[in-house]
file entry.txt (compact mmCIF, C-alpha atoms and all ligand atoms)
# COMPACT_ATOMS: atom_id res chain seq x y z
CA MET A 93 8.64 -172.30 -73.58
CA HIS A 94 9.82 -175.73 -72.41
CA CYS A 95 9.18 -178.09 -75.32
CA GLN A 96 12.76 -178.01 -76.62
CA GLU A 97 14.15 -178.80 -73.15
CA LYS A 98 11.68 -181.63 -72.74
CA PHE A 99 12.67 -183.02 -76.14
CA LEU A 100 16.32 -183.01 -75.09
CA GLU A 101 15.45 -184.72 -71.83
CA ILE A 102 13.49 -187.51 -73.57
CA TYR A 103 15.64 -188.10 -76.66
CA LYS A 104 19.06 -187.01 -75.33
CA ARG A 105 19.58 -184.83 -78.41
CA GLU A 106 18.34 -181.46 -79.62
CA SER A 107 15.15 -181.28 -81.71
CA GLU A 108 15.87 -180.37 -85.34
CA ALA A 109 13.00 -177.92 -85.83
CA LEU A 110 10.60 -175.71 -83.92
CA THR A 111 7.29 -174.48 -85.24
CA PHE A 112 4.41 -172.40 -83.87
CA CYS A 113 0.71 -171.92 -84.54
CA PRO A 114 -1.13 -168.99 -82.91
CA TYR A 115 -4.51 -169.15 -81.18
CA ARG A 116 -7.34 -167.05 -82.56
CA VAL A 117 -10.09 -164.75 -81.37
CA CYS A 118 -13.22 -163.88 -83.31
CA PRO A 119 -14.65 -160.64 -81.89
CA ILE A 120 -17.49 -160.55 -84.47
CA GLY A 121 -18.69 -163.46 -86.61
CA ALA A 122 -19.43 -166.12 -84.01
CA HIS A 123 -21.45 -169.14 -85.15
CA SER A 124 -21.48 -167.79 -88.69
CA ASP A 125 -19.31 -170.33 -90.43
CA GLY A 126 -21.71 -173.27 -89.89
CA ASN A 127 -24.03 -171.55 -92.41
CA PHE A 128 -21.35 -170.01 -94.63
CA GLY A 129 -21.48 -166.48 -93.26
CA LYS A 130 -18.72 -163.91 -92.94
CA ILE A 131 -16.33 -163.53 -90.01
CA THR A 132 -13.75 -161.14 -88.62
CA GLY A 133 -10.86 -162.46 -86.55
CA LEU A 134 -7.31 -162.13 -85.32
CA ALA A 135 -4.49 -164.46 -84.41
CA ILE A 136 -2.81 -163.68 -81.09
CA ASP A 137 0.79 -163.97 -79.95
CA LYS A 138 0.10 -167.03 -77.79
CA GLY A 139 -0.36 -170.49 -79.24
CA ILE A 140 1.08 -173.95 -79.68
CA HIS A 141 4.79 -174.72 -80.05
CA LEU A 142 6.09 -177.98 -81.45
CA ALA A 143 9.74 -179.05 -81.18
CA TYR A 144 10.38 -182.02 -83.45
CA SER A 145 12.69 -184.17 -85.55
CA PRO A 146 11.86 -186.47 -88.49
CA LYS A 147 11.43 -190.20 -87.83
CA LEU A 148 12.58 -192.31 -90.74
CA ASN A 149 10.42 -195.33 -89.89
CA GLY A 150 7.14 -193.40 -90.40
CA VAL A 151 6.13 -193.43 -86.75
CA VAL A 152 4.66 -190.38 -85.04
CA GLU A 153 5.52 -190.12 -81.39
CA LEU A 154 4.36 -186.98 -79.66
CA CYS A 155 4.35 -185.91 -76.04
CA SER A 156 2.24 -183.05 -74.83
CA LEU A 157 3.18 -180.84 -71.90
CA GLN A 158 -0.56 -180.55 -71.18
CA PHE A 159 -1.91 -184.08 -71.68
CA GLU A 160 -0.66 -187.25 -70.03
CA LYS A 161 -1.06 -189.79 -72.78
CA ARG A 162 1.64 -189.92 -75.45
CA ALA A 163 0.41 -190.04 -79.06
CA GLN A 164 1.88 -192.88 -81.06
CA PHE A 165 0.88 -194.17 -84.50
CA HIS A 166 2.25 -194.93 -87.95
CA VAL A 167 1.55 -192.40 -90.72
CA ARG A 168 0.31 -195.19 -93.01
CA ASP A 169 -1.70 -197.08 -90.44
CA ILE A 170 -4.31 -194.81 -88.89
CA PRO A 171 -7.26 -196.47 -87.12
CA ARG A 172 -10.49 -195.71 -89.05
CA ASN A 173 -12.30 -194.65 -85.89
CA LYS A 174 -11.27 -192.03 -83.40
CA CYS A 175 -9.83 -193.07 -80.04
CA ASN A 176 -11.36 -190.18 -78.02
CA ASP A 177 -8.14 -188.56 -76.91
CA TRP A 178 -6.23 -185.42 -77.89
CA ALA A 179 -4.26 -187.33 -80.53
CA ASP A 180 -7.44 -187.76 -82.63
CA TYR A 181 -6.65 -184.36 -84.14
CA LEU A 182 -3.20 -185.62 -85.13
CA ARG A 183 -4.53 -188.88 -86.58
CA GLY A 184 -7.30 -187.02 -88.40
CA VAL A 185 -4.96 -184.59 -90.20
CA THR A 186 -2.49 -187.38 -90.98
CA LEU A 187 -5.31 -189.34 -92.62
CA LYS A 188 -6.43 -186.30 -94.64
CA LEU A 189 -2.87 -185.52 -95.72
CA SER A 190 -2.22 -189.12 -96.71
CA GLU A 191 -5.33 -189.11 -98.93
CA LYS A 192 -3.61 -186.48 -101.10
CA TYR A 193 0.11 -187.11 -100.70
CA PRO A 194 2.27 -190.17 -100.06
CA LEU A 195 3.69 -190.10 -96.56
CA THR A 196 7.03 -191.68 -95.68
CA TYR A 197 8.36 -189.96 -92.59
CA GLY A 198 6.91 -189.59 -89.15
CA ILE A 199 8.06 -187.26 -86.39
CA SER A 200 9.08 -187.38 -82.79
CA GLY A 201 8.16 -184.26 -80.94
CA VAL A 202 7.02 -182.36 -77.88
CA ILE A 203 3.99 -180.10 -78.15
CA GLU A 204 3.17 -177.29 -75.77
CA GLY A 205 0.27 -174.86 -75.39
CA SER A 206 0.89 -171.44 -73.88
CA LEU A 207 -2.55 -170.74 -72.36
CA PRO A 208 -5.24 -172.78 -70.60
CA ILE A 209 -7.49 -174.74 -72.95
CA GLY A 210 -10.86 -173.49 -74.13
CA GLY A 211 -12.21 -170.84 -76.48
CA LEU A 212 -9.02 -169.98 -78.34
CA SER A 213 -9.19 -172.91 -80.70
CA SER A 214 -6.21 -174.78 -79.41
CA SER A 215 -7.49 -177.94 -81.11
CA ALA A 216 -7.24 -176.34 -84.57
CA ALA A 217 -3.81 -174.97 -83.61
CA VAL A 218 -2.60 -178.44 -82.54
CA ALA A 219 -3.83 -179.92 -85.82
CA LEU A 220 -2.26 -177.16 -87.92
CA VAL A 221 1.10 -177.08 -86.17
CA PHE A 222 1.38 -180.84 -86.49
CA LEU A 223 0.24 -180.79 -90.12
CA LYS A 224 2.89 -178.19 -90.91
CA ALA A 225 5.61 -180.32 -89.29
CA LEU A 226 4.44 -183.48 -91.05
CA CYS A 227 4.44 -181.65 -94.41
CA HIS A 228 7.93 -180.33 -93.68
CA VAL A 229 9.51 -183.73 -93.01
CA ASN A 230 7.72 -185.27 -96.03
CA LEU A 231 8.69 -182.37 -98.35
CA ILE A 232 5.07 -181.44 -99.06
CA HIS A 233 4.19 -177.79 -99.74
CA PRO A 234 0.42 -177.35 -99.48
CA GLU A 235 -1.32 -174.07 -100.25
CA PRO A 236 -2.76 -172.20 -97.23
CA LEU A 237 -6.34 -173.05 -98.31
CA GLU A 238 -5.41 -176.71 -98.60
CA MET A 239 -4.02 -176.68 -95.05
CA ILE A 240 -7.29 -175.16 -93.85
CA GLN A 241 -9.40 -177.67 -95.76
CA MET A 242 -7.46 -180.69 -94.52
CA SER A 243 -7.66 -179.68 -90.90
CA VAL A 244 -11.37 -178.80 -91.14
CA ALA A 245 -12.06 -182.16 -92.79
CA ALA A 246 -10.13 -183.92 -90.01
CA GLU A 247 -12.24 -182.19 -87.36
CA ASN A 248 -15.57 -182.78 -89.15
CA GLU A 249 -15.05 -186.29 -90.42
CA TYR A 250 -12.60 -187.85 -87.96
CA VAL A 251 -13.14 -186.07 -84.65
CA GLY A 252 -16.87 -185.57 -85.30
CA VAL A 253 -17.31 -181.85 -84.57
CA ASN A 254 -19.44 -179.95 -87.11
CA SER A 255 -17.26 -176.87 -87.00
CA GLY A 256 -16.77 -174.56 -89.96
CA LYS A 257 -13.53 -173.01 -91.13
CA LEU A 258 -13.38 -169.97 -88.87
CA ASP A 259 -10.71 -171.24 -86.48
CA GLN A 260 -8.30 -172.64 -89.04
CA SER A 261 -8.69 -169.64 -91.36
CA CYS A 262 -7.84 -167.17 -88.58
CA GLU A 263 -4.86 -169.26 -87.52
CA VAL A 264 -3.56 -169.53 -91.09
CA TYR A 265 -4.36 -166.20 -92.81
CA SER A 266 -4.00 -163.64 -90.01
CA LYS A 267 -1.39 -160.91 -90.09
CA LYS A 268 -0.08 -158.84 -87.21
CA ASN A 269 -1.86 -155.48 -86.86
CA HIS A 270 -4.53 -156.50 -89.36
CA LEU A 271 -8.10 -157.72 -89.05
CA LEU A 272 -9.02 -160.80 -91.06
CA TYR A 273 -12.33 -160.33 -92.91
CA LEU A 274 -13.34 -163.62 -94.51
CA ASP A 275 -16.32 -164.88 -96.47
CA THR A 276 -16.57 -168.54 -95.48
CA LEU A 277 -18.71 -169.28 -98.55
CA THR A 278 -16.27 -168.14 -101.23
CA ASP A 279 -13.03 -168.21 -99.19
CA GLU A 280 -12.32 -164.66 -100.32
CA TYR A 281 -10.60 -162.67 -97.63
CA GLU A 282 -9.11 -159.33 -96.88
CA LEU A 283 -6.56 -158.31 -94.25
CA ILE A 284 -7.67 -154.86 -93.14
CA PRO A 285 -4.71 -152.94 -91.71
CA THR A 286 -4.92 -151.07 -88.45
CA HIS A 287 -5.81 -147.48 -89.36
CA PRO A 288 -3.08 -144.93 -88.51
CA ASN A 289 -5.57 -143.01 -86.35
CA MET A 290 -6.90 -146.06 -84.57
CA LYS A 291 -6.51 -146.05 -80.80
CA PRO A 292 -4.02 -148.58 -79.41
CA TYR A 293 -5.47 -151.88 -78.25
CA LYS A 294 -4.59 -155.22 -76.75
CA VAL A 295 -6.52 -158.47 -76.79
CA ALA A 296 -7.38 -159.43 -73.22
CA ILE A 297 -8.15 -163.07 -72.50
CA PHE A 298 -10.11 -163.77 -69.33
CA PHE A 299 -9.93 -167.47 -68.73
CA SER A 300 -12.91 -168.64 -66.66
CA GLY A 301 -11.08 -171.53 -65.03
CA VAL A 302 -13.49 -174.07 -66.53
CA GLU A 303 -12.34 -176.42 -69.29
CA ARG A 304 -14.80 -178.53 -71.27
CA THR A 305 -14.67 -180.15 -74.66
CA LEU A 306 -16.50 -179.09 -77.82
CA ALA A 307 -17.53 -182.58 -78.94
CA GLY A 308 -19.45 -183.18 -75.73
CA SER A 309 -21.26 -179.85 -75.85
CA LYS A 310 -24.41 -178.70 -77.62
CA PHE A 311 -22.24 -177.28 -80.37
CA ASN A 312 -23.37 -179.74 -83.05
CA MET A 313 -27.01 -179.35 -82.06
CA ARG A 314 -26.94 -175.56 -82.56
CA VAL A 315 -25.57 -176.04 -86.06
CA ASP A 316 -28.35 -178.55 -86.79
CA GLU A 317 -31.04 -176.21 -85.43
CA SER A 318 -29.88 -173.33 -87.62
CA ARG A 319 -29.75 -175.52 -90.71
CA ALA A 320 -33.18 -176.92 -89.90
CA ALA A 321 -34.40 -173.31 -89.91
CA ALA A 322 -32.87 -172.84 -93.36
CA TYR A 323 -34.53 -176.00 -94.67
CA ALA A 324 -37.95 -175.08 -93.30
CA LEU A 325 -37.73 -171.49 -94.58
CA GLN A 326 -36.94 -172.72 -98.08
CA ALA A 327 -39.96 -174.97 -97.97
CA TYR A 328 -42.32 -172.26 -96.60
CA ALA A 329 -41.19 -169.84 -99.27
CA GLY A 330 -41.62 -172.35 -102.07
CA MET A 331 -37.90 -172.16 -102.87
CA GLU A 332 -36.17 -175.07 -104.55
CA TYR A 333 -34.34 -177.16 -102.01
CA GLY A 334 -32.14 -180.22 -102.15
CA LYS A 335 -30.71 -182.53 -99.51
CA PHE A 336 -30.93 -181.49 -95.87
CA LYS A 337 -27.17 -181.41 -95.52
CA GLU A 338 -27.04 -178.80 -98.28
CA ALA A 339 -29.39 -176.39 -96.47
CA TYR A 340 -27.68 -173.23 -95.19
CA LEU A 341 -29.00 -169.87 -94.06
CA ARG A 342 -26.66 -168.20 -96.54
CA ASN A 343 -28.94 -169.61 -99.27
CA VAL A 344 -32.01 -168.00 -97.73
CA PRO A 345 -32.43 -164.22 -98.15
CA ARG A 346 -33.13 -162.34 -94.94
CA GLU A 347 -36.51 -161.11 -96.29
CA ILE A 348 -37.67 -164.72 -96.47
CA PHE A 349 -36.68 -165.20 -92.85
CA GLU A 350 -38.55 -162.03 -91.82
CA GLN A 351 -41.63 -163.17 -93.74
CA TYR A 352 -41.83 -166.71 -92.36
CA LYS A 353 -40.04 -166.63 -89.01
CA GLU A 354 -43.26 -166.81 -86.98
CA ARG A 355 -43.86 -170.27 -88.41
CA LEU A 356 -40.53 -171.64 -87.20
CA PRO A 357 -40.17 -173.36 -83.84
CA GLN A 358 -39.02 -170.60 -81.48
CA ASN A 359 -35.58 -172.10 -80.92
CA TRP A 360 -34.85 -172.37 -84.62
CA ALA A 361 -36.04 -168.82 -85.20
CA LYS A 362 -33.65 -167.61 -82.49
CA ARG A 363 -30.66 -169.40 -84.04
CA ALA A 364 -31.50 -167.82 -87.40
CA GLU A 365 -31.99 -164.41 -85.78
CA HIS A 366 -28.45 -164.64 -84.42
CA TRP A 367 -27.06 -165.66 -87.78
CA TYR A 368 -28.68 -162.87 -89.80
CA THR A 369 -27.89 -160.15 -87.29
CA GLU A 370 -24.30 -161.40 -86.97
CA PHE A 371 -23.94 -161.25 -90.75
CA ASP A 372 -24.89 -157.61 -90.55
CA ARG A 373 -22.59 -156.92 -87.56
CA VAL A 374 -19.62 -158.48 -89.31
CA GLN A 375 -20.01 -156.19 -92.31
CA ARG A 376 -20.45 -153.11 -90.14
CA GLY A 377 -17.54 -154.21 -87.95
CA ALA A 378 -15.19 -154.60 -90.91
CA GLU A 379 -16.12 -151.09 -92.08
CA ALA A 380 -15.63 -149.67 -88.58
CA TRP A 381 -12.14 -151.22 -88.45
CA ARG A 382 -11.36 -149.82 -91.88
CA ARG A 383 -12.21 -146.34 -90.63
CA GLY A 384 -10.15 -146.90 -87.46
CA ASN A 385 -13.25 -146.77 -85.28
CA LEU A 386 -12.31 -149.18 -82.53
CA GLU A 387 -15.14 -148.07 -80.22
CA GLU A 388 -17.71 -149.02 -82.86
CA TYR A 389 -15.98 -152.32 -83.60
CA GLY A 390 -15.89 -153.10 -79.86
CA ARG A 391 -19.53 -152.19 -79.39
CA LEU A 392 -20.51 -154.57 -82.18
CA SER A 393 -18.45 -157.32 -80.55
CA THR A 394 -20.34 -156.80 -77.29
CA GLU A 395 -23.64 -156.96 -79.22
CA SER A 396 -22.44 -160.16 -80.84
CA GLY A 397 -21.83 -161.59 -77.36
CA TRP A 398 -25.31 -160.62 -76.25
CA SER A 399 -26.88 -162.30 -79.28
CA SER A 400 -24.87 -165.47 -78.66
CA ILE A 401 -26.28 -165.61 -75.15
CA VAL A 402 -29.90 -164.73 -75.97
CA ASN A 403 -30.39 -166.16 -79.47
CA TRP A 404 -27.76 -168.84 -79.94
CA GLU A 405 -28.21 -169.72 -76.27
CA THR A 406 -24.67 -170.58 -75.36
CA GLY A 407 -22.49 -169.58 -72.47
CA SER A 408 -21.89 -171.27 -69.16
CA PRO A 409 -22.79 -169.30 -65.99
CA GLU A 410 -19.08 -168.47 -65.59
CA LEU A 411 -18.72 -167.09 -69.11
CA LYS A 412 -21.94 -165.09 -68.87
CA THR A 413 -20.75 -163.52 -65.63
CA LEU A 414 -17.40 -162.62 -67.18
CA TYR A 415 -19.19 -161.12 -70.17
CA GLU A 416 -21.40 -159.06 -67.91
CA ILE A 417 -18.39 -157.79 -65.92
CA MET A 418 -16.60 -156.79 -69.12
CA THR A 419 -19.56 -154.72 -70.31
CA HIS A 420 -19.22 -152.33 -67.36
CA THR A 421 -15.42 -152.25 -66.98
CA GLU A 422 -13.73 -149.00 -67.99
CA GLY A 423 -11.14 -149.30 -70.75
CA VAL A 424 -12.87 -152.26 -72.43
CA TYR A 425 -13.83 -151.37 -76.03
CA GLY A 426 -15.92 -154.51 -76.28
CA GLY A 427 -15.82 -158.26 -76.28
CA ARG A 428 -17.65 -161.54 -75.93
CA PHE A 429 -16.97 -165.11 -75.03
CA SER A 430 -14.42 -166.51 -77.32
CA GLY A 431 -15.29 -169.45 -79.54
CA ALA A 432 -18.33 -171.61 -79.18
CA GLY A 433 -19.10 -170.46 -75.65
CA PHE A 434 -19.41 -173.80 -73.89
CA LYS A 435 -16.09 -173.53 -72.07
CA GLY A 436 -12.96 -171.50 -71.71
CA CYS A 437 -12.66 -167.78 -71.92
CA CYS A 438 -13.96 -164.36 -72.83
CA MET A 439 -11.95 -162.01 -75.01
CA ALA A 440 -12.01 -158.23 -75.07
CA LEU A 441 -10.32 -155.49 -77.03
CA ILE A 442 -8.99 -153.13 -74.40
CA ASP A 443 -7.20 -149.82 -74.08
CA PRO A 444 -3.64 -150.70 -72.89
CA ALA A 445 -3.66 -147.63 -70.60
CA TYR A 446 -6.21 -149.48 -68.42
CA GLU A 447 -4.51 -152.88 -68.50
CA GLY A 448 -3.65 -153.10 -64.79
CA GLU A 449 -6.95 -151.68 -63.63
CA ILE A 450 -8.96 -153.99 -65.89
CA THR A 451 -7.06 -157.04 -64.65
CA ARG A 452 -7.67 -156.06 -61.06
CA MET A 453 -11.36 -155.17 -61.45
CA VAL A 454 -12.38 -158.20 -63.51
CA THR A 455 -10.47 -160.59 -61.25
CA GLU A 456 -12.02 -159.14 -58.12
CA GLU A 457 -15.60 -159.20 -59.39
CA TYR A 458 -15.33 -162.61 -60.99
CA LEU A 459 -13.82 -164.28 -57.94
CA LYS A 460 -16.50 -162.70 -55.76
CA ALA A 461 -19.06 -164.60 -57.89
CA PHE A 462 -17.00 -167.81 -58.16
CA PRO A 463 -14.60 -168.00 -55.18
CA ALA A 464 -13.89 -171.68 -55.86
CA LEU A 465 -12.17 -170.74 -59.13
CA LYS A 466 -9.38 -168.86 -57.36
CA GLY A 467 -6.10 -170.18 -58.72
CA LYS A 468 -7.82 -171.39 -61.88
CA PHE A 469 -9.08 -168.07 -63.23
CA SER A 470 -6.42 -166.12 -65.14
CA VAL A 471 -5.98 -162.98 -67.25
CA HIS A 472 -3.65 -162.77 -70.26
CA MET A 473 -2.88 -159.64 -72.26
CA CYS A 474 -2.02 -160.44 -75.89
CA GLU A 475 -1.08 -158.69 -79.13
CA SER A 476 -2.30 -159.49 -82.62
CA ALA A 477 0.01 -161.84 -84.53
CA ASP A 478 0.82 -163.50 -87.85
CA GLY A 479 -0.83 -166.76 -88.82
CA ILE A 480 1.05 -170.03 -89.03
CA LEU A 481 2.39 -169.59 -92.60
C1 LIG A 501 -15.81 -173.04 -82.65
C2 LIG A 501 -15.85 -173.69 -84.02
C3 LIG A 501 -15.88 -172.62 -85.11
C4 LIG A 501 -16.98 -171.61 -84.86
C5 LIG A 501 -16.93 -171.10 -83.43
C6 LIG A 501 -18.12 -170.27 -83.05
O1 LIG A 501 -14.61 -172.34 -82.46
O2 LIG A 501 -14.75 -174.54 -84.18
O3 LIG A 501 -15.99 -173.23 -86.38
O4 LIG A 501 -18.22 -172.15 -85.19
O5 LIG A 501 -16.88 -172.16 -82.50
O6 LIG A 501 -18.08 -169.05 -83.68

call {"tool": "encode", "arguments": {"input": "entry.txt", "output": "C-alpha cells"}}
result
Amino acid sequence: MHCQEKFLEIYKRESEALTFCPYRVCPIGAHSDGNFGKITGLAIDKGIHLAYSPKLNGVVELCSLQFEKRAQFHVRDIPRNKCNDWADYLRGVTLKLSEKYPLTYGISGVIEGSLPIGGLSSSAAVALVFLKALCHVNLIHPEPLEMIQMSVAAENEYVGVNSGKLDQSCEVYSKKNHLLYLDTLTDEYELIPTHPNMKPYKVAIFFSGVERTLAGSKFNMRVDESRAAAYALQAYAGMEYGKFKEAYLRNVPREIFEQYKERLPQNWAKRAEHWYTEFDRVQRGAEAWRRGNLEEYGRLSTESGWSSIVNWETGSPELKTLYEIMTHTEGVYGGRFSGAGFKGCCMALIDPAYEGEITRMVTEEYLKAFPALKGKFSVHMCESADGIL
C-alpha cells in the first residue's frame, strides 16, 4: 500500500485517517438485482484504500494512484451533470449525502486500488470508501442500508448506470468466512457461516488484461430487455401492470413465463430464462453452502457462468476463453466471469492445495490464446473478508 506515503509526499504531513473498502465477487446471482432477485456473494481481502485528512473549507481534493486526473470540487457545489471521469462516483455520493445531511467539511486524500480494474466492482468500492470518509469528517453515522442506498442512487442517477444493489451490498454486509445471501427485493439478508466440514477454499481472480467501462457497455440494454420481458408477460397473462419502470421479473411468477415465453422476442425470452434459472441456482447454492457442500456450490457457479454467456449474452472473447479454461482445470470448484461480464476478470473458488498448479495452467492456456496480453494478464489468490463497516 502506497497511499499514505503519497499523501505525505503531496501534503508534507501524515494523513489523519486510513480507511478500506473490499472488492466483491458474486459466484451465483449474476444479473439478478436488476429485477429484484436474490444473490450470493463475498467480499475479498483486496480493495480500495483511502488515506485522508479533513479539509475545513469544504473542498474535496483527491488523487488516485490509478487515474491521472485529480478530483476537486466543493461539497456544497456539485455540478448537476456528470463530467465523465472517475470522480463522478465521488460527486454522485456527495450529492446524495448532501440531500440528507448538511455537509461542512471536505477531505484531502489519496485513493488506491489493489487490483486491476474490472469485474470486482471497484467503482462501488471507490464510492463507498469515499462516502465513509466524508461521513467521518462530517460526524454523520448512516446505517449500513443507507450507505448502500446512497451509493446505488449515485450510480443510477448521477453516473447513469442501471445497476442494482448487488455490489454495494456485498461490499457493506459481507463477513469473513461467511457467504452473503441477500434478497434484493426486501433487503433481508443472511450471513451463512462456513460449515466446519467444508473443504478449504480460496477465491482466485483471473484478470483478463482487458479493462472497459460499464457505462459504455450493453449493461443497461440487458436490464431493459429483461424488464421489457416482464412487461410483456404481464400483459399476455392479463395481469395488472403499471408504469414500464415498475415492471420486474420478480413480479411475474415463473409459470407465467413458461406459459407465454414463446410469444416473447427470442432475446427477451433468453434474458428472462437466465433470470429465472439464476433465481433457482441462488437458492440451491445457499443451501449447498449451508450444508458445507462446496463442490455443489461451485458447480452452480459454473452453470451460472454458462447461462450468462448463452442467455444473458455477455462476455468478451477473453472472458469466455478464461471461463472455458477454468471449467477443465483441476482444483477449481467452479466459477464464472465476475460482475457484468463486459470487462475485467473471472473468479473461481479453488482448492488451495492446487493454487500453484492452477495459476500455471490457466496462465499458460490463456496466453496461448491471447499472446498479446502477456504482461497484462494476472492471477490473484484472495481470501474472503469483512465488508466496509
Ligand atoms: C454489475 C452491477 C451489479 C450487477 C452485476 C451483474 O456489477 O453493478 O448491480 O448487476 O453487474 O451481476

call {"tool": "closest_residue", "arguments": {"input": "entry.txt", "among": "A:His123, A:Lys130, A:Arg319, A:Arg382", "to": "ligand LIG 501 (chain A)", "atoms": "all atoms listed in the file"}}
result
A:His123

call {"tool": "atom_distance", "arguments": {"input": "entry.txt", "atom1": "atom CA of Gly377 of chain A", "atom2": "atom CA of Glu338 of chain A"}}
result
28.3 Å

call {"tool": "residues_around", "arguments": {"input": "entry.txt", "residues": "Arg168 of chain A", "least_positions_apart": "3", "cutoff": "8 Å", "atoms": "all atoms listed in the file", "output": "compact mmCIF listing (two decimals) with C-alpha atoms, keeping the file's coordinate frame"}}
result
# COMPACT_ATOMS: atom_id res chain seq x y z
CA GLY A 150 7.14 -193.40 -90.40
CA SER A 190 -2.22 -189.12 -96.71
CA LEU A 195 3.69 -190.10 -96.56

call {"tool": "closest_atom_pairs", "arguments": {"input": "entry.txt", "of": "chain A", "to": "ligand LIG 501 (chain A)", "cutoff": "6 Å", "atoms": "only C-alpha atoms and all ligand atoms", "output": "CSV"}}
result
residue,atom,partner,partner_atom,distance
A:Ala122,CA,A:LIG501,O6,3.2
A:His123,CA,A:LIG501,O6,3.7
A:Asp125,CA,A:LIG501,O4,5.7
A:Gly126,CA,A:LIG501,O4,6.0
A:Ser213,CA,A:LIG501,O1,5.7
A:Ser255,CA,A:LIG501,O3,3.9
A:Gly256,CA,A:LIG501,O3,3.9
A:Lys257,CA,A:LIG501,O3,5.4
A:Leu258,CA,A:LIG501,O3,4.9
A:Asp259,CA,A:LIG501,C3,5.5
A:Gly431,CA,A:LIG501,O1,4.2
A:Ala432,CA,A:LIG501,O5,3.7

call {"tool": "closest_residue", "arguments": {"input": "entry.txt", "among": "A:Leu110, A:Ala361, A:Met453, A:Ala378", "to": "Phe222 of chain A", "atoms": "only C-alpha atoms"}}
result
A:Leu110

call {"tool": "closest_residue", "arguments": {"input": "entry.txt", "among": "A:Ile480, A:Ile297, A:Phe128, A:Val454", "to": "His141 of chain A", "atoms": "only C-alpha atoms"}}
result
A:Ile480

call {"tool": "closest_residue", "arguments": {"input": "entry.txt", "among": "A:Thr286, A:Thr196, A:Thr278, A:Asn254", "to": "Ile232 of chain A", "atoms": "only C-alpha atoms"}}
result
A:Thr196

call {"tool": "atom_distance", "arguments": {"input": "entry.txt", "atom1": "atom CA of Leu148 of chain A", "atom2": "atom CA of Met242 of chain A"}}
result
23.5 Å

call {"tool": "residues_around", "arguments": {"input": "entry.txt", "residues": "Leu237 of chain A", "least_positions_apart": "4", "cutoff": "10 Å", "atoms": "only C-alpha atoms", "output": "mmCIF file with C-alpha atoms, in the frame of the given file"}}
result
data_model
loop_
_atom_site.group_PDB
_atom_site.id
_atom_site.type_symbol
_atom_site.label_atom_id
_atom_site.label_comp_id
_atom_site.auth_asym_id
_atom_site.auth_seq_id
_atom_site.Cartn_x
_atom_site.Cartn_y
_atom_site.Cartn_z
ATOM 1 C CA GLN A 241 -9.400 -177.670 -95.760
ATOM 2 C CA MET A 242 -7.460 -180.690 -94.520
ATOM 3 C CA GLN A 260 -8.300 -172.640 -89.040
ATOM 4 C CA SER A 261 -8.690 -169.640 -91.360
ATOM 5 C CA VAL A 264 -3.560 -169.530 -91.090
ATOM 6 C CA TYR A 265 -4.360 -166.200 -92.810
ATOM 7 C CA ASP A 279 -13.030 -168.210 -99.190
#

call {"tool": "closest_residue", "arguments": {"input": "entry.txt", "among": "A:Lys147, A:Lys294, A:Lys188, A:Lys310", "to": "Tyr250 of chain A", "atoms": "all atoms listed in the file"}}
result
A:Lys188

call {"tool": "atom_distance", "arguments": {"input": "entry.txt", "atom1": "atom CA of Thr421 of chain A", "atom2": "atom CA of Met290 of chain A"}}
result
20.5 Å

call {"tool": "closest_residue", "arguments": {"input": "entry.txt", "among": "A:Asp443, A:Asp177, A:Glu263, A:Glu101", "to": "Ile136 of chain A", "atoms": "all atoms listed in the file"}}
result
A:Glu263

call {"tool": "closest_atom_pairs", "arguments": {"input": "entry.txt", "of": "segment 252-322 of chain A", "to": "segment 391-406 of chain A", "cutoff": "12 Å", "atoms": "all atoms listed in the file", "output": "JSON lines"}}
result
{"residue": "A:Ser309", "atom": "CA", "partner": "A:Thr406", "partner_atom": "CA", "distance": 9.9}
{"residue": "A:Lys310", "atom": "CA", "partner": "A:Thr406", "partner_atom": "CA", "distance": 8.4}
{"residue": "A:Phe311", "atom": "CA", "partner": "A:Thr406", "partner_atom": "CA", "distance": 8.7}
{"residue": "A:Met313", "atom": "CA", "partner": "A:Trp404", "partner_atom": "CA", "distance": 10.7}
{"residue": "A:Arg314", "atom": "CA", "partner": "A:Trp404", "partner_atom": "CA", "distance": 7.3}
{"residue": "A:Val315", "atom": "CA", "partner": "A:Trp404", "partner_atom": "CA", "distance": 9.7}
{"residue": "A:Asp316", "atom": "CA", "partner": "A:Trp404", "partner_atom": "CA", "distance": 11.9}
{"residue": "A:Glu317", "atom": "CA", "partner": "A:Trp404", "partner_atom": "CA", "distance": 9.8}
{"residue": "A:Ser318", "atom": "CA", "partner": "A:Trp404", "partner_atom": "CA", "distance": 9.1}

call {"tool": "residues_around", "arguments": {"input": "entry.txt", "residues": "Thr111 of chain A", "least_positions_apart": "3", "cutoff": "9 Å", "atoms": "all atoms listed in the file", "output": "ChimeraX atom specification"}}
result
/A:140-144,221-222,224-225,480

call {"tool": "write_last_selection", "arguments": {"input": "entry.txt", "atoms": "C-alpha atoms", "output": "CSV table (one decimal), in the frame of the given file"}}
result
chain,number,residue,atom,x,y,z
A,140,ILE,CA,1.1,-174.0,-79.7
A,141,HIS,CA,4.8,-174.7,-80.0
A,142,LEU,CA,6.1,-178.0,-81.4
A,143,ALA,CA,9.7,-179.0,-81.2
A,144,TYR,CA,10.4,-182.0,-83.4
A,221,VAL,CA,1.1,-177.1,-86.2
A,222,PHE,CA,1.4,-180.8,-86.5
A,224,LYS,CA,2.9,-178.2,-90.9
A,225,ALA,CA,5.6,-180.3,-89.3
A,480,ILE,CA,1.0,-170.0,-89.0

call {"tool": "residues_around", "arguments": {"input": "entry.txt", "residues": "segment 158-163 of chain A", "least_positions_apart": "2", "cutoff": "9 Å", "atoms": "all atoms listed in the file", "output": "number ranges by chain"}}
result
A: 152-156, 165, 177-180, 182, 203-205

call {"tool": "write_last_selection", "arguments": {"input": "entry.txt", "atoms": "C-alpha atoms", "output": "short mmCIF file (atom, residue, chain, number, x, y, z; two decimals), in the coordinates of the input"}}
result
data_model
loop_
_atom_site.label_atom_id
_atom_site.label_comp_id
_atom_site.auth_asym_id
_atom_site.auth_seq_id
_atom_site.Cartn_x
_atom_site.Cartn_y
_atom_site.Cartn_z
CA VAL A 152 4.66 -190.38 -85.04
CA GLU A 153 5.52 -190.12 -81.39
CA LEU A 154 4.36 -186.98 -79.66
CA CYS A 155 4.35 -185.91 -76.04
CA SER A 156 2.24 -183.05 -74.83
CA PHE A 165 0.88 -194.17 -84.50
CA ASP A 177 -8.14 -188.56 -76.91
CA TRP A 178 -6.23 -185.42 -77.89
CA ALA A 179 -4.26 -187.33 -80.53
CA ASP A 180 -7.44 -187.76 -82.63
CA LEU A 182 -3.20 -185.62 -85.13
CA ILE A 203 3.99 -180.10 -78.15
CA GLU A 204 3.17 -177.29 -75.77
CA GLY A 205 0.27 -174.86 -75.39
#
